[in-house]
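Coordinates from target-v4.csv are shown below (CSV, C-alpha atoms).
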chain,number,residue,atom,x,y,z
A,1158,MET,CA,92.8,64.3,1.8
A,1159,LYS,CA,92.8,66.2,5.0
A,1160,PHE,CA,95.2,69.2,5.1
A,1161,GLY,CA,96.4,71.2,8.1
A,1162,ILE,CA,97.8,74.6,7.2
A,1163,VAL,CA,100.2,76.8,9.1
A,1164,VAL,CA,100.6,80.5,8.1
A,1165,SER,CA,103.8,81.9,9.6
A,1166,GLU,CA,104.3,85.3,8.0
A,1167,GLY,CA,102.2,88.5,8.3
A,1168,PRO,CA,99.9,89.9,5.6
A,1169,TYR,CA,101.1,92.1,2.7
A,1170,THR,CA,104.8,92.1,3.6
A,1171,HIS,CA,105.0,88.4,2.6
A,1172,GLN,CA,103.1,86.4,0.1
A,1173,ALA,CA,102.7,83.5,2.6
A,1174,SER,CA,99.2,84.3,3.7
A,1175,ASP,CA,98.0,84.8,0.1
A,1176,SER,CA,99.6,81.5,-1.1
A,1177,ALA,CA,98.0,79.7,1.9
A,1178,TYR,CA,94.6,81.3,1.0
A,1179,HIS,CA,94.9,80.2,-2.6
A,1180,PHE,CA,95.9,76.7,-1.6
A,1181,VAL,CA,93.1,76.3,0.8
A,1182,LYS,CA,90.6,77.6,-1.7
A,1183,ALA,CA,91.9,75.2,-4.4
A,1184,ALA,CA,92.0,72.3,-2.0
A,1185,LEU,CA,88.4,72.8,-0.9
A,1186,GLU,CA,87.2,73.2,-4.5
A,1187,ALA,CA,89.0,69.9,-5.4
A,1188,GLY,CA,87.0,68.2,-2.7
A,1189,HIS,CA,89.7,68.0,0.0
A,1190,GLU,CA,89.2,68.8,3.6
A,1191,VAL,CA,90.9,71.7,5.4
A,1192,PRO,CA,89.6,71.5,9.0
A,1193,ARG,CA,92.0,74.1,10.4
A,1194,VAL,CA,94.4,76.9,9.6
A,1195,PHE,CA,96.9,77.8,12.4
A,1196,PHE,CA,98.4,81.3,12.4
A,1197,TYR,CA,101.8,81.6,14.0
A,1198,HIS,CA,104.7,84.1,14.3
A,1199,ASP,CA,103.7,87.3,12.4
A,1200,GLY,CA,101.0,85.2,10.7
A,1201,VAL,CA,98.7,86.2,13.7
A,1202,ASN,CA,98.5,89.7,12.2
A,1203,VAL,CA,96.3,88.3,9.4
A,1204,ALA,CA,93.5,88.2,12.0
A,1205,THR,CA,93.3,91.9,12.7
A,1206,SER,CA,89.9,93.5,12.2
A,1207,LEU,CA,91.6,96.9,12.0
A,1208,SER,CA,93.4,96.7,8.7
A,1209,VAL,CA,92.1,99.0,6.0
A,1210,PRO,CA,93.9,98.3,2.7
A,1211,PRO,CA,93.2,100.5,-0.3
A,1212,GLN,CA,89.9,99.6,-2.0
A,1213,ASP,CA,91.5,98.4,-5.2
A,1214,GLU,CA,93.6,95.9,-3.3
A,1215,ARG,CA,92.7,92.5,-1.8
A,1216,ASN,CA,91.6,92.5,1.8
A,1217,ILE,CA,93.5,89.4,3.2
A,1218,GLN,CA,91.6,89.3,6.5
A,1219,GLN,CA,88.2,89.5,4.8
A,1220,GLN,CA,89.2,86.7,2.4
A,1221,TRP,CA,90.0,84.4,5.3
A,1222,SER,CA,86.9,85.4,7.3
A,1223,ALA,CA,84.9,84.4,4.2
A,1224,ILE,CA,86.6,81.0,4.0
A,1225,ALA,CA,85.7,80.4,7.6
A,1226,LYS,CA,82.1,81.4,7.0
A,1227,ASP,CA,81.6,79.6,3.7
A,1228,HIS,CA,83.5,76.4,4.5
A,1229,GLY,CA,83.6,76.1,8.3
A,1230,VAL,CA,87.4,76.2,8.3
A,1231,ASP,CA,88.7,76.7,11.9
A,1232,LEU,CA,91.0,79.7,11.9
A,1233,VAL,CA,93.2,79.6,15.0
A,1234,VAL,CA,95.5,82.4,16.1
A,1235,CYS,CA,98.2,81.4,18.5
A,1236,ILE,CA,97.6,83.1,21.8
A,1237,ALA,CA,101.3,83.5,22.8
A,1238,ALA,CA,102.3,84.9,19.5
A,1239,ALA,CA,99.2,87.1,19.3
A,1240,GLN,CA,99.7,88.6,22.8
A,1241,ARG,CA,103.3,89.6,21.9
A,1242,ARG,CA,102.0,91.4,18.8
A,1243,GLY,CA,99.0,93.2,20.2
A,1244,MET,CA,96.3,90.8,18.9
A,1245,LEU,CA,93.6,90.3,21.6
A,1246,ASP,CA,90.1,89.0,21.6
A,1247,GLU,CA,87.4,90.5,23.8
A,1248,ASN,CA,88.1,88.1,26.7
A,1249,GLU,CA,91.9,88.6,26.6
A,1250,ALA,CA,91.6,92.3,26.4
A,1251,LYS,CA,89.4,92.3,29.5
A,1252,ARG,CA,91.8,89.9,31.3
A,1253,GLN,CA,94.8,92.0,30.5
A,1254,GLY,CA,93.2,95.3,31.2
A,1255,LYS,CA,93.4,96.6,27.6
A,1256,ASP,CA,90.9,99.0,26.2
A,1257,ALA,CA,90.5,97.4,22.7
A,1258,HIS,CA,90.3,94.0,21.0
A,1259,ASN,CA,90.9,93.3,17.3
A,1260,ILE,CA,90.3,89.6,16.4
A,1261,ALA,CA,88.2,89.6,13.2
A,1262,GLU,CA,85.1,87.4,12.6
A,1263,GLY,CA,85.9,83.8,11.9
A,1264,PHE,CA,89.2,83.7,13.8
A,1265,ARG,CA,89.6,82.5,17.3
A,1266,ILE,CA,92.5,82.7,19.8
A,1267,SER,CA,93.8,79.5,21.2
A,1268,GLY,CA,97.0,77.7,22.3
A,1269,LEU,CA,99.8,75.9,20.5
A,1270,GLY,CA,98.2,72.6,21.4
A,1271,GLN,CA,95.9,73.3,18.5
A,1272,LEU,CA,98.8,73.2,16.1
A,1273,ILE,CA,100.1,69.9,17.4
A,1274,GLU,CA,96.6,68.4,17.4
A,1275,MET,CA,96.2,69.5,13.8
A,1276,GLY,CA,99.5,67.7,12.9
A,1277,ILE,CA,98.2,64.6,14.5
A,1278,GLU,CA,94.7,64.6,13.0
A,1279,THR,CA,95.4,65.6,9.4
A,1280,ASP,CA,97.1,63.6,6.6
A,1281,ARG,CA,99.4,66.4,5.5
A,1282,LEU,CA,100.6,69.5,7.3
A,1283,MET,CA,101.7,72.4,5.0
A,1284,THR,CA,103.6,75.5,6.2
A,1285,PHE,CA,103.3,78.8,4.3
A,1286,GLY,CA,106.2,81.0,5.4
A,1287,ASP,CA,109.1,83.0,4.2
B,819,MET,CA,97.5,54.5,21.7
B,820,GLU,CA,100.6,53.5,19.7
B,821,ASP,CA,98.7,54.1,16.5
B,822,ASP,CA,98.1,57.7,17.4
B,823,VAL,CA,101.8,58.4,17.8
B,824,LYS,CA,103.3,60.4,14.9
B,825,LYS,CA,106.8,61.4,14.2
B,826,PHE,CA,107.2,65.1,14.6
B,827,LEU,CA,110.3,66.9,13.4
B,828,TYR,CA,111.0,70.6,14.2
B,829,VAL,CA,113.5,72.0,11.7
B,830,ASN,CA,115.5,75.0,13.0
B,831,ARG,CA,117.4,76.9,10.3
B,832,LYS,CA,117.8,80.4,11.7
B,833,ALA,CA,120.1,82.0,14.2
B,834,PRO,CA,118.8,82.3,17.8
B,835,TYR,CA,118.5,86.1,17.8
B,836,GLY,CA,117.8,88.6,15.0
B,837,THR,CA,114.4,87.0,14.4
B,838,ILE,CA,111.9,85.4,16.7
B,839,TYR,CA,111.7,82.0,14.8
B,840,ALA,CA,114.1,80.1,17.1
B,841,LEU,CA,112.3,81.2,20.3
B,842,GLU,CA,108.8,80.5,19.0
B,843,SER,CA,110.0,77.2,17.6
B,844,LEU,CA,111.1,76.2,21.1
B,845,GLU,CA,107.8,77.3,22.5
B,846,VAL,CA,106.0,74.8,20.2
B,847,VAL,CA,108.4,72.0,21.1
B,848,LEU,CA,107.7,72.5,24.9
B,849,ILE,CA,103.9,72.6,24.4
B,850,GLY,CA,104.1,69.7,21.9
B,851,ALA,CA,105.9,67.6,24.4
B,852,ALA,CA,102.7,67.1,26.3
B,853,PHE,CA,101.1,65.3,23.4
B,854,ASP,CA,103.3,62.1,23.7
B,855,GLN,CA,104.4,62.1,20.1
B,856,ASP,CA,107.8,60.9,18.8
B,857,VAL,CA,109.7,64.2,18.7
B,858,SER,CA,113.0,65.1,17.0
B,859,LEU,CA,114.7,68.4,16.4
B,860,ALA,CA,116.9,69.3,13.5
B,861,PHE,CA,119.4,72.1,13.4
B,862,LEU,CA,120.9,73.2,10.1
B,863,ASP,CA,122.2,76.3,8.4
B,864,ASP,CA,122.4,79.2,10.9
B,865,GLY,CA,120.1,77.1,13.2
B,866,VAL,CA,123.2,75.4,14.5
B,867,PHE,CA,124.1,78.7,16.4
B,868,GLN,CA,121.0,78.1,18.6
B,869,LEU,CA,122.9,75.3,20.4
B,870,THR,CA,126.2,77.2,21.0
B,871,LYS,CA,127.4,77.5,24.6
B,872,SER,CA,128.1,80.7,26.5
B,873,GLN,CA,125.5,82.8,24.8
B,874,ASP,CA,125.3,86.3,26.3
B,875,THR,CA,122.5,88.5,25.1
B,876,LYS,CA,122.8,91.3,27.7
B,877,GLU,CA,124.0,93.9,25.1
B,878,ILE,CA,121.1,93.3,22.8
B,879,GLY,CA,118.4,93.4,25.5
B,880,VAL,CA,116.9,90.1,24.5
B,881,LYS,CA,116.2,87.1,26.8
B,882,ASN,CA,118.8,84.4,26.5
B,883,PHE,CA,116.7,81.3,26.0
B,884,SER,CA,119.5,78.8,25.3
B,885,PRO,CA,119.5,77.2,28.8
B,886,THR,CA,116.0,75.9,27.9
B,887,PHE,CA,117.6,73.4,25.5
B,888,ARG,CA,119.3,71.7,28.4
B,889,ALA,CA,115.8,71.1,29.9
B,890,LEU,CA,114.4,69.3,26.9
B,891,GLY,CA,115.4,65.9,28.3
B,892,ASP,CA,112.9,66.4,31.1
B,893,TYR,CA,110.3,66.8,28.4
B,894,GLU,CA,111.4,63.5,26.8
B,895,VAL,CA,112.7,65.4,23.8
B,896,THR,CA,116.0,63.5,23.4
B,897,LYS,CA,116.8,63.6,19.7
B,898,LEU,CA,118.6,66.7,18.5
B,899,TYR,CA,120.1,66.2,15.0
B,900,VAL,CA,122.8,68.7,14.1
B,901,GLU,CA,124.0,68.8,10.5
B,902,LYS,CA,127.8,68.4,10.3
B,903,GLU,CA,128.2,70.4,7.1
B,904,SER,CA,126.4,73.4,8.7
B,905,LEU,CA,128.8,73.3,11.6
B,906,ASP,CA,131.8,73.0,9.3
B,907,GLU,CA,130.7,75.9,7.1
B,908,ARG,CA,130.5,78.1,10.2
B,909,GLY,CA,133.8,77.0,11.8
B,910,LEU,CA,132.0,75.2,14.6
B,911,THR,CA,132.5,71.8,16.2
B,912,LEU,CA,130.7,69.8,18.7
B,913,ASP,CA,132.9,71.4,21.4
B,914,ASP,CA,131.2,74.8,20.6
B,915,LEU,CA,127.8,73.4,21.5
B,916,GLN,CA,126.2,73.1,24.9
B,917,GLU,CA,126.3,69.7,26.5
B,918,ILE,CA,122.7,68.5,26.4
B,919,MET,CA,121.9,65.2,28.2
B,920,TRP,CA,118.9,63.1,28.9
B,921,GLU,CA,118.3,60.3,31.4
B,922,ASP,CA,117.5,56.9,29.9
B,923,GLU,CA,115.1,55.4,32.4
B,924,ASP,CA,115.3,52.0,30.5
B,925,ASP,CA,119.1,52.0,31.1
B,926,ASP,CA,119.4,52.6,34.9
B,927,TYR,CA,118.9,56.4,34.3
B,928,GLU,CA,122.2,56.6,32.5
B,929,GLU,CA,122.9,60.1,31.2
B,930,LYS,CA,123.2,60.1,27.4
B,931,PRO,CA,123.9,63.0,25.0
B,932,SER,CA,120.9,64.3,23.1
B,933,ILE,CA,122.9,65.9,20.3
B,934,ARG,CA,123.5,63.7,17.3
B,935,ILE,CA,125.8,65.0,14.6
B,936,VAL,CA,124.7,63.8,11.2
B,937,SER,CA,125.8,64.4,7.6
B,938,ARG,CA,123.6,66.3,5.2
B,939,ALA,CA,122.7,63.0,3.5
B,940,GLU,CA,121.7,61.5,6.9
B,941,MET,CA,119.7,64.6,7.7
B,942,ALA,CA,117.7,64.0,4.4
B,943,ASP,CA,117.0,60.5,5.7
B,944,VAL,CA,115.9,61.8,9.1
B,945,MET,CA,113.4,64.2,7.3
B,946,ALA,CA,112.1,61.5,5.0
B,947,ASP,CA,111.3,59.3,8.0
B,948,GLN,CA,108.9,61.9,9.5
B,949,ASP,CA,105.1,62.2,9.5
B,950,VAL,CA,104.9,65.9,10.4
B,951,ILE,CA,107.6,68.5,9.8
B,952,LEU,CA,107.4,72.0,11.2
B,953,SER,CA,109.9,74.4,9.7
B,954,PHE,CA,111.2,77.4,11.5
Have the structure of the file written as structure tokens, please.
Amino acid sequence: MKFGIVVSEGPYTHQASDSAYHFVKAALEAGHEVPRVFFYHDGVNVATSLSVPPQDERNIQQQWSAIAKDHGVDLVVCIAAAQRRGMLDENEAKRQGKDAHNIAEGFRISGLGQLIEMGIETDRLMTFGD
Amino acid sequence: MEDDVKKFLYVNRKAPYGTIYALESLEVVLIGAAFDQDVSLAFLDDGVFQLTKSQDTKEIGVKNFSPTFRALGDYEVTKLYVEKESLDERGLTLDDLQEIMWEDEDDDYEEKPSIRIVSRAEMADVMADQDVILSF
């Protein structure tokens, strides 16, 4: 089966991004396809390359980046939600005249159309939120 | 093309202000309208407050986005299901909600109401009938 995943809460405060990660991992191991994960609302904060959790804790961003690298999962961060919350890639930082960018490897910024498209092209859409 | 049309339902359960879910839900609806899918919106729990008339957000310094709901008809979003029990539990009636209309081009552009009050049981049927549900 082809799953589309939405993550709609930020890392660490909520379990949503952890649960989504465990689900995606289990689905892939079971032979299902997860072509894309869409990060919305505070979920966009998962993509920050600047989080530095204590060493004996999981690093949520790195877990996701590894999933993208190992399984080719397309990790899309909503641009409108990201800009509100100070999440910019290099191009956007330049365009908005900001002096830093913070989108981690494996994530990309794109529009809400990617969420709708994911709903159209997958068999099941799962939302991980509060 | 007809085969590519899926039934999308946007479920709105939260008050319009206090959290950003309602606003960012509406943003998805507006973008999603360009994809020519079969779109419905559901309002239940505190989500019914999103449709109330005379919203005034001046004192909280947040943009009042409620007029946007009246423009949904222009985006061919014409099915707004509102749960009756949620209204009742909050002391609200249809009269407390904005009048939201759409023009039916197949019926001499007659103006028709977009809001459909449904019971909790009917709302369950609406949900069961969908292909994709996005919950906010």
Practice prompt. Scan for residues within 6 Å of the point (108.3, 65.3, 18.6) in the coordinates of the file, using only C-alpha atoms, and reply as a list in words.
Written response: Phe826, Leu827, Gln855, Asp856, Val857 and Ser858 of chain B
Residues of chain A within 12 Å of chain B: nearest atom pair and distance (Å, one decimal) for each, counting all atoms listed in the file, sorted by chain and number, as a tab-separated table?
residue	atom	partner	partner_atom	distance
A:Phe1160	CA	B:Val950	CA	11.5
A:Gly1161	CA	B:Val950	CA	10.3
A:Ile1162	CA	B:Leu952	CA	10.7
A:Val1163	CA	B:Leu952	CA	8.9
A:Val1164	CA	B:Ser953	CA	11.2
A:Ser1165	CA	B:Phe954	CA	8.9
A:Glu1166	CA	B:Tyr839	CA	10.6
A:Tyr1197	CA	B:Glu842	CA	8.7
A:His1198	CA	B:Glu842	CA	7.2
A:Asp1199	CA	B:Ile838	CA	9.5
A:Gly1200	CA	B:Tyr839	CA	11.9
A:Cys1235	CA	B:Val846	CA	10.4
A:Ile1236	CA	B:Glu845	CA	11.8
A:Ala1237	CA	B:Glu842	CA	8.9
A:Ala1238	CA	B:Glu842	CA	7.9
A:Ala1239	CA	B:Glu842	CA	11.7
A:Arg1241	CA	B:Ile838	CA	10.9
A:Arg1242	CA	B:Ile838	CA	11.8
A:Gly1268	CA	B:Ile849	CA	8.8
A:Leu1269	CA	B:Val846	CA	6.3
A:Gly1270	CA	B:Ile849	CA	6.4
A:Gln1271	CA	B:Gly850	CA	9.6
A:Leu1272	CA	B:Val846	CA	8.4
A:Ile1273	CA	B:Gly850	CA	6.0
A:Glu1274	CA	B:Phe853	CA	8.1
A:Met1275	CA	B:Val950	CA	10.0
A:Gly1276	CA	B:Val950	CA	6.2
A:Ile1277	CA	B:Lys824	CA	6.6
A:Glu1278	CA	B:Asp822	CA	8.9
A:Thr1279	CA	B:Val950	CA	9.6
A:Asp1280	CA	B:Asp949	CA	8.6
A:Arg1281	CA	B:Val950	CA	7.4
A:Leu1282	CA	B:Val950	CA	6.4
A:Met1283	CA	B:Leu952	CA	8.4
A:Thr1284	CA	B:Leu952	CA	7.2
A:Phe1285	CA	B:Ser953	CA	9.6
A:Gly1286	CA	B:Phe954	CA	8.7
A:Asp1287	CA	B:Phe954	CA	9.4
Worksheet entry | Nearest to Val1194 in chain A, chosen from A:Thr1170, A:Glu1262, A:Gln1240, A:Val1234, with all atoms listed in the file counted in the distances | A:Val1234
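Atom pair CA of Tyr835 in chain B / CA of Phe887 in chain B: separated by 14.9 Å.
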Worksheet item: Could you pull the residues within 10 Å of Pro1210 in chain A, counting only C-alpha atoms, minus those fewer than 6 positions along the same chain, as a PyMOL selection string?
Response: chain A and resi 1169+1216-1217
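Our summary of the geometry notes that CA of Val936 in chain B is positioned 5.1 Å from CA of Glu901 in chain B.
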With C-alpha atoms retained, output range 1158-1246 of chain A as a tab-separated table (two decimals), in the first residue's frame.
chain	number	residue	atom	x	y	z
A	1158	MET	CA	0.00	0.00	0.00
A	1159	LYS	CA	1.06	3.58	-0.67
A	1160	PHE	CA	0.93	5.85	2.40
A	1161	GLY	CA	1.02	9.64	2.51
A	1162	ILE	CA	2.01	11.06	5.90
A	1163	VAL	CA	1.25	14.43	7.48
A	1164	VAL	CA	3.16	15.60	10.57
A	1165	SER	CA	1.36	18.52	12.18
A	1166	GLU	CA	3.07	19.02	15.53
A	1167	GLY	CA	6.57	20.12	16.40
A	1168	PRO	CA	9.34	17.85	17.74
A	1169	TYR	CA	9.88	17.01	21.44
A	1170	THR	CA	6.82	18.89	22.79
A	1171	HIS	CA	4.51	16.42	21.04
A	1172	GLN	CA	4.94	12.75	20.25
A	1173	ALA	CA	3.42	13.20	16.77
A	1174	SER	CA	6.69	13.38	14.84
A	1175	ASP	CA	8.07	10.36	16.75
A	1176	SER	CA	4.93	8.32	16.09
A	1177	ALA	CA	5.02	9.27	12.42
A	1178	TYR	CA	8.68	8.23	12.24
A	1179	HIS	CA	8.00	4.84	13.83
A	1180	PHE	CA	5.02	4.32	11.54
A	1181	VAL	CA	6.97	5.19	8.40
A	1182	LYS	CA	9.85	2.93	9.43
A	1183	ALA	CA	7.51	0.02	10.16
A	1184	ALA	CA	5.56	0.55	6.94
A	1185	LEU	CA	8.72	0.55	4.84
A	1186	GLU	CA	10.05	-2.57	6.61
A	1187	ALA	CA	6.73	-4.29	5.91
A	1188	GLY	CA	7.15	-3.59	2.20
A	1189	HIS	CA	4.76	-0.65	1.88
A	1190	GLU	CA	5.60	2.54	0.03
A	1191	VAL	CA	5.87	5.96	1.65
A	1192	PRO	CA	6.64	8.33	-1.20
A	1193	ARG	CA	6.25	11.54	0.81
A	1194	VAL	CA	5.93	13.01	4.29
A	1195	PHE	CA	4.44	16.51	4.55
A	1196	PHE	CA	5.32	18.72	7.52
A	1197	TYR	CA	2.69	21.32	8.42
A	1198	HIS	CA	1.80	23.64	11.34
A	1199	ASP	CA	4.57	23.36	13.97
A	1200	GLY	CA	5.61	20.11	12.28
A	1201	VAL	CA	7.87	22.24	10.05
A	1202	ASN	CA	10.21	22.66	13.04
A	1203	VAL	CA	11.25	19.03	12.71
A	1204	ALA	CA	13.35	20.12	9.72
A	1205	THR	CA	15.64	22.52	11.58
A	1206	SER	CA	19.33	21.76	11.20
A	1207	LEU	CA	20.04	23.76	14.37
A	1208	SER	CA	18.51	21.55	17.05
A	1209	VAL	CA	21.04	20.10	19.50
A	1210	PRO	CA	19.27	17.67	21.84
A	1211	PRO	CA	21.27	16.06	24.71
A	1212	GLN	CA	23.46	13.21	23.47
A	1213	ASP	CA	21.52	10.51	25.32
A	1214	GLU	CA	18.27	11.56	23.60
A	1215	ARG	CA	16.98	10.79	20.14
A	1216	ASN	CA	17.69	13.39	17.46
A	1217	ILE	CA	14.37	13.64	15.63
A	1218	GLN	CA	15.68	15.66	12.70
A	1219	GLN	CA	18.54	13.22	12.12
A	1220	GLN	CA	16.18	10.25	12.27
A	1221	TRP	CA	14.09	11.77	9.50
A	1222	SER	CA	17.09	12.81	7.41
A	1223	ALA	CA	18.29	9.19	7.59
A	1224	ILE	CA	14.89	7.91	6.38
A	1225	ALA	CA	15.09	10.28	3.41
A	1226	LYS	CA	18.63	9.14	2.60
A	1227	ASP	CA	18.08	5.40	3.07
A	1228	HIS	CA	14.62	5.06	1.51
A	1229	GLY	CA	14.25	8.05	-0.78
A	1230	VAL	CA	11.26	9.40	1.15
A	1231	ASP	CA	10.42	12.94	-0.01
A	1232	LEU	CA	10.32	15.14	3.12
A	1233	VAL	CA	8.38	18.29	2.24
A	1234	VAL	CA	8.14	21.29	4.54
A	1235	CYS	CA	5.24	23.67	3.87
A	1236	ILE	CA	6.68	26.99	2.77
A	1237	ALA	CA	3.92	29.20	4.22
A	1238	ALA	CA	4.01	27.47	7.61
A	1239	ALA	CA	7.83	27.43	7.53
A	1240	GLN	CA	8.23	31.13	6.80
A	1241	ARG	CA	5.98	32.09	9.71
A	1242	ARG	CA	8.14	30.02	12.03
A	1243	GLY	CA	11.59	31.05	10.85
A	1244	MET	CA	12.39	27.99	8.77
A	1245	LEU	CA	14.18	29.00	5.57
A	1246	ASP	CA	16.25	27.22	2.96
